[in-house]
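Shown below: work.tsv, with TSV, C-alpha atoms.
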```tsv
chain	number	residue	atom	x	y	z
A	191	MET	CA	102.61	-104.20	-19.93
A	192	LYS	CA	105.51	-106.67	-19.63
A	193	ILE	CA	105.14	-109.20	-16.81
A	194	LEU	CA	107.83	-111.69	-15.80
A	195	PHE	CA	106.57	-114.70	-13.85
A	196	LEU	CA	108.73	-116.65	-11.41
A	197	ASN	CA	108.01	-120.24	-10.40
A	198	ASN	CA	110.07	-123.27	-9.45
A	199	PHE	CA	108.62	-125.32	-12.33
A	200	TYR	CA	107.25	-124.59	-15.79
A	201	TYR	CA	105.07	-127.62	-16.38
A	202	LEU	CA	101.68	-128.66	-15.01
A	203	ARG	CA	102.95	-130.18	-11.79
A	204	GLY	CA	100.07	-129.16	-9.54
A	205	GLY	CA	97.47	-126.56	-8.70
A	206	SER	CA	99.90	-123.65	-8.38
A	207	GLU	CA	101.24	-124.31	-11.89
A	208	ARG	CA	97.68	-124.44	-13.24
A	209	VAL	CA	97.12	-120.95	-11.84
A	210	LEU	CA	100.43	-119.77	-13.29
A	211	PHE	CA	99.69	-121.06	-16.80
A	212	GLU	CA	96.15	-119.67	-16.75
A	213	GLU	CA	97.30	-116.21	-15.66
A	214	MET	CA	99.93	-116.09	-18.38
A	215	ARG	CA	97.35	-117.15	-20.95
A	216	LEU	CA	94.80	-114.57	-19.79
A	217	LEU	CA	97.34	-111.75	-19.80
A	218	ARG	CA	98.59	-112.62	-23.28
A	219	GLY	CA	94.99	-112.72	-24.48
A	220	ALA	CA	94.51	-109.20	-23.10
A	221	GLY	CA	97.48	-107.93	-25.10
A	222	HIS	CA	100.21	-108.04	-22.47
A	223	GLU	CA	103.65	-109.61	-22.87
A	224	THR	CA	104.68	-112.37	-20.48
A	225	ALA	CA	107.80	-114.44	-19.83
A	226	ILE	CA	108.80	-117.08	-17.30
A	227	TYR	CA	111.85	-117.73	-15.13
A	228	ALA	CA	112.06	-121.15	-13.47
A	229	ARG	CA	114.40	-123.97	-12.54
A	230	ALA	CA	115.46	-126.23	-15.38
A	231	HIS	CA	113.48	-129.47	-15.56
A	232	GLU	CA	113.06	-132.12	-18.24
A	233	LYS	CA	109.26	-131.72	-18.14
A	234	ASN	CA	109.30	-127.93	-18.56
A	235	GLU	CA	107.42	-126.36	-21.44
A	236	PRO	CA	109.64	-124.48	-23.94
A	237	ALA	CA	110.51	-121.00	-22.66
A	238	GLU	CA	112.15	-117.98	-24.25
A	239	PHE	CA	114.84	-117.62	-21.59
A	240	GLN	CA	115.31	-121.27	-20.60
A	241	GLU	CA	119.05	-121.09	-21.32
A	242	PHE	CA	119.37	-118.93	-18.19
A	243	PHE	CA	117.36	-121.22	-15.90
A	244	PRO	CA	119.43	-122.60	-12.99
A	245	ALA	CA	120.14	-126.33	-13.12
A	246	HIS	CA	117.53	-128.79	-11.89
A	247	LEU	CA	117.78	-129.95	-8.27
A	248	ASP	CA	116.92	-133.65	-8.06
A	249	LEU	CA	115.16	-133.87	-4.72
A	250	GLU	CA	112.29	-136.21	-5.49
A	251	SER	CA	114.27	-139.42	-5.36
A	252	THR	CA	116.43	-138.52	-2.38
A	253	GLY	CA	113.64	-137.10	-0.20
A	254	ILE	CA	115.87	-134.07	0.38
A	255	SER	CA	119.10	-134.81	2.14
A	256	LEU	CA	122.22	-133.07	3.36
A	257	LYS	CA	124.58	-135.19	1.28
A	258	THR	CA	126.31	-132.09	0.00
A	259	ALA	CA	126.66	-128.57	1.35
A	260	ARG	CA	125.90	-127.31	-2.13
A	261	THR	CA	122.44	-128.90	-2.20
A	262	ALA	CA	121.55	-127.42	1.18
A	263	ARG	CA	122.84	-124.00	0.14
A	264	GLU	CA	120.87	-124.06	-3.13
A	265	LEU	CA	117.70	-124.87	-1.20
A	266	ILE	CA	118.17	-121.96	1.21
A	267	TYR	CA	119.72	-119.25	-0.97
A	268	SER	CA	120.56	-119.96	-4.60
A	269	GLY	CA	123.30	-117.85	-6.15
A	270	ALA	CA	122.69	-119.58	-9.48
A	271	SER	CA	119.04	-118.48	-9.45
A	272	ARG	CA	120.00	-114.88	-8.79
A	273	ARG	CA	122.63	-114.82	-11.56
A	274	GLY	CA	120.28	-116.33	-14.11
A	275	LEU	CA	117.51	-113.89	-13.23
A	276	ARG	CA	119.92	-110.99	-13.73
A	277	GLU	CA	120.42	-112.08	-17.32
A	278	VAL	CA	116.68	-112.44	-17.95
A	279	LEU	CA	115.92	-109.01	-16.49
A	280	ALA	CA	118.53	-107.42	-18.75
A	281	ARG	CA	116.93	-108.97	-21.83
A	282	PHE	CA	113.20	-108.91	-21.06
A	283	LYS	CA	113.06	-105.64	-19.08
A	284	PRO	CA	109.75	-106.34	-17.29
A	285	ASP	CA	107.52	-103.62	-15.85
A	286	ILE	CA	106.55	-105.88	-12.96
A	287	VAL	CA	107.41	-109.36	-11.66
A	288	HIS	CA	104.81	-111.82	-10.43
A	289	ALA	CA	106.25	-114.59	-8.24
A	290	HIS	CA	104.42	-117.82	-7.49
A	291	ASN	CA	106.18	-120.73	-5.73
A	292	ILE	CA	109.85	-119.74	-5.53
A	293	TYR	CA	111.04	-120.98	-2.14
A	294	GLY	CA	112.96	-124.21	-1.91
A	295	ARG	CA	114.34	-124.15	-5.45
A	296	LEU	CA	114.64	-120.69	-6.99
A	297	THR	CA	114.76	-119.39	-3.39
A	298	LEU	CA	114.32	-115.83	-2.18
A	299	SER	CA	117.68	-114.88	-3.66
A	300	VAL	CA	115.64	-113.79	-6.68
A	301	LEU	CA	113.87	-111.20	-4.51
A	302	ASP	CA	117.25	-109.70	-3.64
A	303	GLU	CA	118.04	-109.34	-7.34
A	304	LEU	CA	114.69	-107.69	-7.99
A	305	LYS	CA	115.22	-105.31	-5.08
A	306	ALA	CA	118.61	-104.35	-6.47
A	307	SER	CA	117.08	-103.72	-9.89
A	308	GLY	CA	114.17	-101.69	-8.50
A	309	ILE	CA	111.50	-103.80	-10.22
A	310	PRO	CA	108.24	-104.09	-8.25
A	311	VAL	CA	107.14	-107.57	-7.16
A	312	VAL	CA	103.83	-109.21	-6.29
A	313	MET	CA	103.66	-112.77	-5.01
A	314	THR	CA	100.84	-115.32	-4.99
A	315	LEU	CA	100.69	-117.52	-1.89
A	316	HIS	CA	99.63	-121.06	-2.76
A	317	ASP	CA	100.33	-122.49	0.67
A	318	LEU	CA	101.34	-121.54	4.22
A	319	LYS	CA	105.08	-121.19	3.66
A	320	LEU	CA	105.19	-117.67	5.13
A	321	LEU	CA	104.12	-119.21	8.43
A	322	CYS	CA	105.41	-122.77	8.33
A	323	PRO	CA	108.78	-124.15	7.14
A	324	SER	CA	107.05	-127.23	5.73
A	325	TYR	CA	104.30	-125.37	3.84
A	326	LEU	CA	101.26	-127.21	5.26
A	327	MET	CA	101.16	-126.43	9.01
A	328	LEU	CA	100.83	-130.15	9.74
A	329	ASN	CA	102.26	-132.36	12.46
A	330	ALA	CA	101.42	-136.07	12.50
A	331	GLY	CA	98.62	-135.38	10.03
A	332	LYS	CA	96.94	-132.69	12.16
A	333	PRO	CA	97.01	-128.85	11.97
A	334	CYS	CA	100.04	-127.46	13.81
A	335	GLU	CA	100.99	-123.91	14.77
A	336	ARG	CA	104.06	-124.57	16.93
A	337	CYS	CA	106.28	-122.35	14.77
A	338	ARG	CA	104.17	-119.27	15.52
A	339	GLY	CA	106.37	-116.37	16.55
A	340	HIS	CA	109.15	-117.47	14.15
A	341	ARG	CA	110.03	-120.46	16.36
A	342	TYR	CA	111.02	-122.52	13.33
A	343	TYR	CA	113.16	-124.90	15.37
A	344	HIS	CA	109.97	-126.79	16.14
A	345	ALA	CA	110.05	-128.02	12.55
A	346	LEU	CA	113.26	-129.87	13.33
A	347	PHE	CA	112.07	-131.29	16.65
A	348	SER	CA	108.84	-132.51	15.04
A	349	ARG	CA	110.53	-133.83	11.89
A	350	CYS	CA	107.58	-132.22	10.13
A	351	HIS	CA	108.99	-132.45	6.61
A	352	ARG	CA	108.64	-136.03	5.38
A	353	GLY	CA	109.53	-137.34	8.84
A	354	SER	CA	113.19	-136.50	8.18
A	355	TYR	CA	115.55	-134.66	10.52
A	356	PRO	CA	117.88	-133.51	7.68
A	357	ALA	CA	115.03	-132.30	5.48
A	358	SER	CA	113.31	-130.56	8.40
A	359	LEU	CA	116.58	-128.92	9.38
A	360	VAL	CA	117.04	-127.48	5.88
A	361	TYR	CA	113.54	-126.00	5.86
A	362	ALA	CA	113.84	-124.66	9.41
A	363	LEU	CA	117.11	-122.96	8.44
A	364	GLU	CA	115.53	-121.59	5.27
A	365	SER	CA	112.60	-119.99	7.12
A	366	SER	CA	114.87	-118.62	9.84
A	367	PHE	CA	117.27	-117.17	7.27
A	368	ASN	CA	114.48	-115.50	5.29
A	369	HIS	CA	112.96	-114.01	8.44
A	370	LEU	CA	116.19	-112.78	10.03
A	371	PHE	CA	117.36	-111.07	6.85
A	372	GLY	CA	113.97	-109.68	5.79
A	373	LYS	CA	113.94	-111.41	2.42
A	374	TYR	CA	110.24	-110.72	1.83
A	375	HIS	CA	110.55	-106.96	2.32
A	376	SER	CA	110.80	-106.32	-1.42
A	377	VAL	CA	107.39	-107.89	-2.13
A	378	ARG	CA	104.99	-104.98	-2.59
A	379	ARG	CA	101.81	-107.07	-2.33
A	380	PHE	CA	100.99	-110.68	-1.48
A	381	ILE	CA	98.05	-112.28	-3.27
A	382	ALA	CA	96.02	-114.58	-1.01
A	383	PRO	CA	93.52	-116.77	-2.89
A	384	SER	CA	91.43	-117.04	0.28
A	385	ARG	CA	90.39	-114.71	3.08
A	386	PHE	CA	91.44	-117.47	5.45
A	387	LEU	CA	95.06	-117.25	4.34
A	388	GLN	CA	95.10	-113.47	4.51
A	389	GLY	CA	93.65	-113.57	8.01
A	390	LYS	CA	96.05	-116.26	9.19
A	391	CYS	CA	99.04	-114.23	7.98
A	392	ALA	CA	97.71	-111.15	9.78
A	393	ALA	CA	97.27	-113.20	12.96
A	394	TYR	CA	100.95	-114.18	12.71
A	395	GLY	CA	102.02	-110.53	12.61
A	396	TRP	CA	102.18	-109.79	8.90
A	397	ASP	CA	100.97	-106.36	7.79
A	398	ARG	CA	97.43	-106.88	6.48
A	399	GLU	CA	97.85	-103.89	4.13
A	400	ARG	CA	100.42	-105.85	2.12
A	401	PHE	CA	97.84	-108.53	1.29
A	402	VAL	CA	95.03	-108.60	-1.23
A	403	THR	CA	92.58	-111.45	-1.68
A	404	ILE	CA	92.15	-112.51	-5.31
A	405	PRO	CA	90.33	-115.85	-5.62
A	406	ASN	CA	91.53	-118.41	-8.13
A	407	SER	CA	89.48	-118.70	-11.28
A	408	ILE	CA	87.91	-121.55	-13.16
A	409	GLY	CA	87.27	-121.70	-16.90
A	410	SER	CA	83.79	-120.86	-18.14
A	411	PRO	CA	81.47	-123.83	-17.54
A	412	ARG	CA	80.58	-125.60	-20.78
A	413	GLY	CA	77.40	-127.41	-21.69
A	414	PRO	CA	74.13	-127.79	-19.82
A	415	LEU	CA	73.89	-129.14	-16.31
A	416	GLU	CA	73.64	-132.91	-16.14
A	417	GLU	CA	70.14	-134.23	-15.55
A	418	GLY	CA	69.50	-136.77	-12.84
A	419	ARG	CA	71.23	-137.35	-9.53
A	420	GLY	CA	74.35	-139.09	-10.77
A	421	GLU	CA	75.53	-142.55	-9.87
A	422	TYR	CA	78.20	-142.12	-7.20
A	423	LEU	CA	79.96	-139.91	-4.67
A	424	LEU	CA	83.25	-138.49	-5.92
A	425	TYR	CA	86.54	-137.57	-4.30
A	426	PHE	CA	89.35	-136.30	-6.49
A	427	GLY	CA	92.70	-135.10	-5.23
A	428	ARG	CA	95.88	-136.30	-3.60
A	429	LEU	CA	95.71	-139.51	-1.58
A	430	SER	CA	97.61	-138.39	1.50
A	431	ARG	CA	96.68	-138.52	5.15
A	432	GLU	CA	95.77	-134.86	5.59
A	433	LYS	CA	93.20	-135.01	2.77
A	434	GLY	CA	90.83	-136.95	5.01
A	435	VAL	CA	89.95	-139.77	2.60
A	436	GLY	CA	90.18	-142.25	5.47
A	437	THR	CA	87.51	-140.27	7.31
A	438	LEU	CA	85.36	-140.37	4.17
A	439	LEU	CA	85.62	-144.17	4.06
A	440	LYS	CA	84.60	-144.41	7.73
A	441	ALA	CA	81.60	-142.19	6.99
A	442	CYS	CA	80.59	-144.39	4.07
A	443	ARG	CA	80.44	-147.39	6.41
A	444	ALA	CA	77.97	-145.46	8.57
A	445	LEU	CA	75.55	-144.52	5.77
A	446	GLU	CA	71.94	-145.62	6.11
A	447	SER	CA	72.08	-147.01	2.55
A	448	PRO	CA	75.34	-147.91	0.73
A	449	VAL	CA	76.26	-145.57	-2.13
A	450	PRO	CA	79.14	-146.11	-4.60
A	451	LEU	CA	82.19	-143.92	-4.10
A	452	LEU	CA	84.71	-143.13	-6.84
A	453	ILE	CA	88.16	-142.03	-5.65
A	454	VAL	CA	90.30	-140.25	-8.26
A	455	GLY	CA	93.95	-139.49	-7.57
A	456	GLU	CA	97.25	-140.91	-6.48
A	457	GLY	CA	99.41	-140.53	-3.40
A	458	PRO	CA	101.29	-142.29	-0.62
A	459	GLU	CA	98.13	-143.48	1.14
A	460	ARG	CA	96.55	-145.30	-1.80
A	461	ALA	CA	97.47	-148.84	-0.74
A	462	ALA	CA	96.33	-148.25	2.84
A	463	LEU	CA	93.06	-146.69	1.65
A	464	GLU	CA	92.39	-149.62	-0.69
A	465	ARG	CA	92.74	-151.96	2.28
A	466	GLU	CA	90.49	-149.77	4.40
A	467	ALA	CA	87.85	-149.71	1.65
A	468	HIS	CA	87.52	-153.50	1.59
A	469	GLY	CA	83.87	-154.50	1.59
A	470	LEU	CA	82.64	-151.06	0.52
A	471	PRO	CA	81.34	-150.14	-2.98
A	472	VAL	CA	84.49	-148.06	-3.63
A	473	SER	CA	86.46	-147.77	-6.88
A	474	PHE	CA	89.95	-146.30	-7.25
A	475	ALA	CA	90.46	-144.72	-10.68
A	476	GLY	CA	94.01	-143.43	-10.21
A	477	TYR	CA	95.09	-140.08	-11.64
A	478	LEU	CA	92.69	-138.55	-14.18
A	479	SER	CA	92.83	-135.25	-16.05
A	480	GLY	CA	91.21	-133.52	-18.99
A	481	SER	CA	88.17	-135.21	-20.51
A	482	ALA	CA	88.52	-138.28	-18.29
A	483	LEU	CA	88.23	-136.14	-15.15
A	484	SER	CA	85.35	-134.18	-16.71
A	485	ASP	CA	83.51	-137.44	-17.38
A	486	ALA	CA	84.07	-138.54	-13.78
A	487	LEU	CA	82.58	-135.25	-12.58
A	488	LYS	CA	79.60	-135.48	-14.93
A	489	GLY	CA	78.62	-138.91	-13.67
A	490	SER	CA	78.86	-138.01	-9.98
A	491	ARG	CA	76.06	-137.20	-7.58
A	492	LEU	CA	78.17	-134.85	-5.48
A	493	VAL	CA	81.81	-134.11	-4.63
A	494	VAL	CA	83.30	-134.56	-1.17
A	495	ILE	CA	86.27	-132.46	0.08
A	496	PRO	CA	87.11	-134.07	3.46
A	497	SER	CA	90.42	-132.27	4.11
A	498	GLU	CA	91.87	-132.19	7.61
A	499	CYS	CA	94.52	-129.55	6.87
A	500	TYR	CA	94.40	-125.80	6.31
A	501	GLU	CA	93.38	-125.84	2.65
A	502	ASN	CA	93.90	-122.51	0.93
A	503	ALA	CA	91.55	-122.47	-2.07
A	504	PRO	CA	91.33	-125.99	-3.56
A	505	LEU	CA	90.90	-125.98	-7.34
A	506	SER	CA	89.05	-129.29	-7.09
A	507	LEU	CA	86.26	-127.50	-5.24
A	508	LEU	CA	86.04	-124.81	-7.93
A	509	GLU	CA	85.91	-127.49	-10.62
A	510	ALA	CA	83.05	-129.18	-8.80
A	511	LEU	CA	81.10	-125.90	-8.57
A	512	ALA	CA	81.68	-125.17	-12.26
A	513	ALA	CA	80.42	-128.66	-13.13
A	514	GLY	CA	77.23	-127.92	-11.24
A	515	LYS	CA	77.87	-130.46	-8.51
A	516	PRO	CA	76.95	-129.91	-4.87
A	517	VAL	CA	79.97	-130.10	-2.57
A	518	LEU	CA	80.30	-131.50	0.92
A	519	GLY	CA	83.32	-129.81	2.45
A	520	ALA	CA	85.16	-129.87	5.75
A	521	ARG	CA	84.84	-126.72	7.84
A	522	ILE	CA	88.56	-125.88	7.75
A	523	GLY	CA	90.89	-123.41	6.05
A	524	GLY	CA	89.47	-121.66	2.99
A	525	ILE	CA	86.90	-124.36	2.19
A	526	PRO	CA	83.94	-122.66	3.96
A	527	GLU	CA	84.44	-119.56	1.80
A	528	LEU	CA	83.54	-121.57	-1.30
A	529	ILE	CA	80.49	-123.41	0.05
A	530	ASP	CA	77.23	-121.68	0.95
A	531	ASP	CA	75.96	-124.17	3.52
A	532	GLY	CA	72.58	-125.49	2.43
A	533	GLU	CA	72.65	-123.64	-0.90
A	534	ASN	CA	75.35	-125.28	-3.02
A	535	GLY	CA	76.47	-127.95	-0.58
A	536	PHE	CA	77.00	-128.69	3.09
A	537	LEU	CA	79.78	-128.28	5.64
A	538	PHE	CA	80.89	-130.80	8.25
A	539	GLU	CA	83.50	-130.95	11.00
A	540	PRO	CA	86.97	-132.00	9.77
A	541	GLY	CA	88.16	-135.44	10.81
A	542	ASP	CA	84.70	-136.32	12.18
A	543	ALA	CA	83.29	-139.35	10.35
A	544	SER	CA	79.94	-139.12	12.16
A	545	SER	CA	79.53	-135.46	11.14
A	546	LEU	CA	80.31	-136.34	7.54
A	547	ALA	CA	77.96	-139.35	7.59
A	548	GLU	CA	75.20	-137.11	8.94
A	549	VAL	CA	75.45	-134.58	6.09
A	550	LEU	CA	75.83	-137.38	3.53
A	551	ASN	CA	72.62	-139.00	4.77
A	552	ARG	CA	70.90	-135.60	4.74
A	553	PHE	CA	71.91	-134.96	1.15
A	554	LEU	CA	71.05	-138.45	-0.09
A	555	ALA	CA	67.55	-138.08	1.40
A	556	LEU	CA	66.81	-134.88	-0.53
A	557	PRO	CA	64.18	-134.93	-3.28
A	558	ASP	CA	65.62	-134.86	-6.80
A	559	LYS	CA	64.46	-131.29	-7.42
A	560	VAL	CA	66.16	-129.99	-4.28
A	561	ALA	CA	69.42	-131.78	-5.11
A	562	ALA	CA	69.27	-130.35	-8.65
A	563	ALA	CA	68.76	-126.86	-7.23
A	564	LEU	CA	71.91	-127.26	-5.14
A	565	GLY	CA	73.84	-128.13	-8.29
A	566	ALA	CA	72.40	-125.17	-10.18
A	567	SER	CA	73.39	-122.88	-7.32
A	568	ALA	CA	76.92	-124.29	-7.45
A	569	ARG	CA	77.18	-123.40	-11.16
A	570	VAL	CA	75.89	-119.88	-10.50
A	571	ARG	CA	78.47	-119.36	-7.75
A	572	ALA	CA	81.30	-120.45	-10.07
A	573	GLU	CA	80.16	-118.17	-12.90
A	574	ARG	CA	79.60	-115.19	-10.61
A	575	ASP	CA	82.63	-115.25	-8.32
A	576	TYR	CA	85.37	-117.31	-9.99
A	577	SER	CA	85.30	-116.37	-13.66
A	578	GLU	CA	88.48	-115.82	-15.65
A	579	GLN	CA	87.36	-112.29	-16.53
A	580	ARG	CA	86.93	-111.34	-12.88
A	581	HIS	CA	90.34	-112.79	-11.99
A	582	LEU	CA	92.07	-110.97	-14.85
A	583	ALA	CA	90.49	-107.64	-13.94
A	584	ALA	CA	91.57	-107.99	-10.29
A	585	LEU	CA	95.10	-108.94	-11.33
A	586	LEU	CA	95.51	-105.98	-13.69
A	587	GLU	CA	94.13	-103.58	-11.10
A	588	LEU	CA	96.67	-104.86	-8.58
A	589	TYR	CA	99.52	-104.44	-11.08
A	590	ARG	CA	98.46	-100.84	-11.73
A	591	GLN	CA	98.26	-100.07	-8.02
A	592	VAL	CA	101.71	-101.55	-7.36
A	593	LEU	CA	103.27	-99.69	-10.29
A	594	SER	CA	101.89	-96.41	-8.91
A	595	LEU	CA	103.41	-96.89	-5.42
```

Encoded form (structure tokens):
Amino acid sequence: MKILFLNNFYYLRGGSERVLFEEMRLLRGAGHETAIYARAHEKNEPAEFQEFFPAHLDLESTGISLKTARTARELIYSGASRRGLREVLARFKPDIVHAHNIYGRLTLSVLDELKASGIPVVMTLHDLKLLCPSYLMLNAGKPCERCRGHRYYHALFSRCHRGSYPASLVYALESSFNHLFGKYHSVRRFIAPSRFLQGKCAAYGWDRERFVTIPNSIGSPRGPLEEGRGEYLLYFGRLSREKGVGTLLKACRALESPVPLLIVGEGPERAALEREAHGLPVSFAGYLSGSALSDALKGSRLVVIPSECYENAPLSLLEALAAGKPVLGARIGGIPELIDDGENGFLFEPGDASSLAEVLNRFLALPDKVAAALGASARVRAERDYSEQRHLAALLELYRQVLSL
């Protein structure tokens, strides 16, 4: 089978790109042929058809503006993306196309080209873009559903994208344009990594039959489980308001006995969080990956996921399970699907420092054998439900079903 993947970027920029690279690797290992179509970027990995990639859009430094009509147009509907894809389709001749994150850079113009060519499309949803112009369904750091019913103008009024009227206007126009002209109609199936996301889309009026839940996978756990309770609590992820790290710090102040906390990651809230952590046994390690992140996981007592937004299926939580670490997670979005409360971790109410402190105290009071059993259960859950083999089998079955429609 020949599968063409679409994504805005072709380097390890975040969780969605990790899923993309892993799927391409798994499919090649199973004897299938894959190729990629993305926007040009200086960090991209080498790609067979990179000469046809549309030019890079430099939005990071400008925060997305309306300085030129061309920039706004390319964000909403990119003619360059459609023309480049036409060339790639003619040369690669895929049996099926698998889209990941394409809005905002490649844009849904590529779906029009695929519809014209008659090539079936599946699309993985890494966020809430189908429902929210700004991806996250957040307003002032809290979950927001004002745009329900395709009322995307609320994104502008709320300045929900980076607090900017121009940026929010572009994304509100993009979502309105895609809805009014039915740009998603050519997608045969949407892949939702969590039941939460599938259910939320159905609640917003999307046809549930067009969705299939395929959880993300995690590589096979390596090595024995670490002995002992570990030295510290661990948070790893983006340091932004909606991730709830501030709530975690408040909970740490309320613990019956102080316990060290290691915070791994970078983001706009780091300086504020460092100030808030003053006087607590908290260390900020910055961004870690590879063996450094693995070492941080190995030395931890448990992992805390204190998100206050509608998380889809956080890879950090899967990594914690695979490492055999109990997880304390907020009861929001897709997080509860990954934690068996009392078996491989505990759940608490999002944004509630007292609720988090309560479960932290409960865990820290557990006998060593009980805490170790929670970690062992976490490893079992990762091996059973989130293996690469299970993910690959589900993906191939979906491709076969779509090709037979």

Selection as a PDB file with C-alpha atoms, in the frame of the given file: residues within 10 Å of (76.9, -134.7, -8.5), counting only C-alpha atoms:
```
ATOM      1  CA  GLU A 416      73.640-132.910 -16.140  1.00  0.00           C
ATOM      2  CA  GLU A 417      70.140-134.230 -15.550  1.00  0.00           C
ATOM      3  CA  GLY A 418      69.500-136.770 -12.840  1.00  0.00           C
ATOM      4  CA  ARG A 419      71.230-137.350  -9.530  1.00  0.00           C
ATOM      5  CA  GLY A 420      74.350-139.090 -10.770  1.00  0.00           C
ATOM      6  CA  GLU A 421      75.530-142.550  -9.870  1.00  0.00           C
ATOM      7  CA  TYR A 422      78.200-142.120  -7.200  1.00  0.00           C
ATOM      8  CA  LEU A 423      79.960-139.910  -4.670  1.00  0.00           C
ATOM      9  CA  LEU A 424      83.250-138.490  -5.920  1.00  0.00           C
ATOM     10  CA  ALA A 486      84.070-138.540 -13.780  1.00  0.00           C
ATOM     11  CA  LEU A 487      82.580-135.250 -12.580  1.00  0.00           C
ATOM     12  CA  LYS A 488      79.600-135.480 -14.930  1.00  0.00           C
ATOM     13  CA  GLY A 489      78.620-138.910 -13.670  1.00  0.00           C
ATOM     14  CA  SER A 490      78.860-138.010  -9.980  1.00  0.00           C
ATOM     15  CA  ARG A 491      76.060-137.200  -7.580  1.00  0.00           C
ATOM     16  CA  LEU A 492      78.170-134.850  -5.480  1.00  0.00           C
ATOM     17  CA  VAL A 493      81.810-134.110  -4.630  1.00  0.00           C
ATOM     18  CA  VAL A 494      83.300-134.560  -1.170  1.00  0.00           C
ATOM     19  CA  ALA A 510      83.050-129.180  -8.800  1.00  0.00           C
ATOM     20  CA  LEU A 511      81.100-125.900  -8.570  1.00  0.00           C
ATOM     21  CA  ALA A 513      80.420-128.660 -13.130  1.00  0.00           C
ATOM     22  CA  GLY A 514      77.230-127.920 -11.240  1.00  0.00           C
ATOM     23  CA  LYS A 515      77.870-130.460  -8.510  1.00  0.00           C
ATOM     24  CA  PRO A 516      76.950-129.910  -4.870  1.00  0.00           C
ATOM     25  CA  VAL A 517      79.970-130.100  -2.570  1.00  0.00           C
ATOM     26  CA  ALA A 561      69.420-131.780  -5.110  1.00  0.00           C
ATOM     27  CA  ALA A 562      69.270-130.350  -8.650  1.00  0.00           C
ATOM     28  CA  LEU A 564      71.910-127.260  -5.140  1.00  0.00           C
ATOM     29  CA  GLY A 565      73.840-128.130  -8.290  1.00  0.00           C
TER      30      GLY A 565
END
```

task = Select, from A:Leu582, A:Thr314, A:Arg465, A:Glu527, the residue with the minimum atom-to-atom distance to Glu212 of chain A, counting all atoms listed in the file.
result = A:Leu582

Please tabulate, as JSON lines, the residues of segment 279-323 of chain A that come within 6 Å of segment 373-379 of chain A, each with its closest pair of atoms and the distance in Å to one decimal, counting only C-alpha atoms and ordering rows by chain, then residue number upward.
```
{"residue": "A:Lys305", "atom": "CA", "partner": "A:Ser376", "partner_atom": "CA", "distance": 5.8}
{"residue": "A:Val311", "atom": "CA", "partner": "A:Val377", "partner_atom": "CA", "distance": 5.0}
{"residue": "A:Val312", "atom": "CA", "partner": "A:Arg379", "partner_atom": "CA", "distance": 4.9}
```

Who sits within 7 Å of Gly205 of chain A, only C-alpha atoms, same chain under 3 positions skipped, as a list in words = Arg208, Val209 and Leu505 of chain A

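Atom to atom, atom CA of Pro356 of chain A and atom CA of Thr261 of chain A stand 11.8 Å apart.
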
Of the listed residues A:Tyr361, A:Tyr343, A:Tyr201, A:Phe243, that which approaches Ala262 of chain A most closely, counting only C-alpha atoms =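 Checking each of A:Tyr361, A:Tyr343, A:Tyr201, A:Phe243 against Ala262 of chain A, counting only C-alpha atoms, the winner is A:Tyr361.
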
Interface rows for segment 278-372 of chain A against segment 386-404 of chain A: nearest pair, Å to one decimal, 9 Å, all atoms listed in the file, as CSV:
```
residue,atom,partner,partner_atom,distance
A:Leu315,CA,A:Leu387,CA,8.4
A:Asp317,CA,A:Leu387,CA,8.3
A:Leu318,CA,A:Leu387,CA,7.6
A:Leu320,CA,A:Cys391,CA,7.6
A:Leu321,CA,A:Cys391,CA,7.1
A:Arg338,CA,A:Tyr394,CA,6.6
A:Gly339,CA,A:Tyr394,CA,7.0
A:His340,CA,A:Tyr394,CA,9.0
```

Would you put the residues from that selection into a file with C-alpha atoms, as a compact mmCIF listing (two decimals), in the frame of the given file?
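Listed below is the output, out03.txt:
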```txt
# COMPACT_ATOMS: atom_id res chain seq x y z
CA LEU A 315 100.69 -117.52 -1.89
CA ASP A 317 100.33 -122.49 0.67
CA LEU A 318 101.34 -121.54 4.22
CA LEU A 320 105.19 -117.67 5.13
CA LEU A 321 104.12 -119.21 8.43
CA ARG A 338 104.17 -119.27 15.52
CA GLY A 339 106.37 -116.37 16.55
CA HIS A 340 109.15 -117.47 14.15
```

task = Could you please determine the separation between atom CA of Leu429 of chain A and atom CA of Glu456 of chain A in Å, to one decimal place?
result =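 Result for atom CA of Leu429 of chain A versus atom CA of Glu456 of chain A: 5.3 Å, one decimal.
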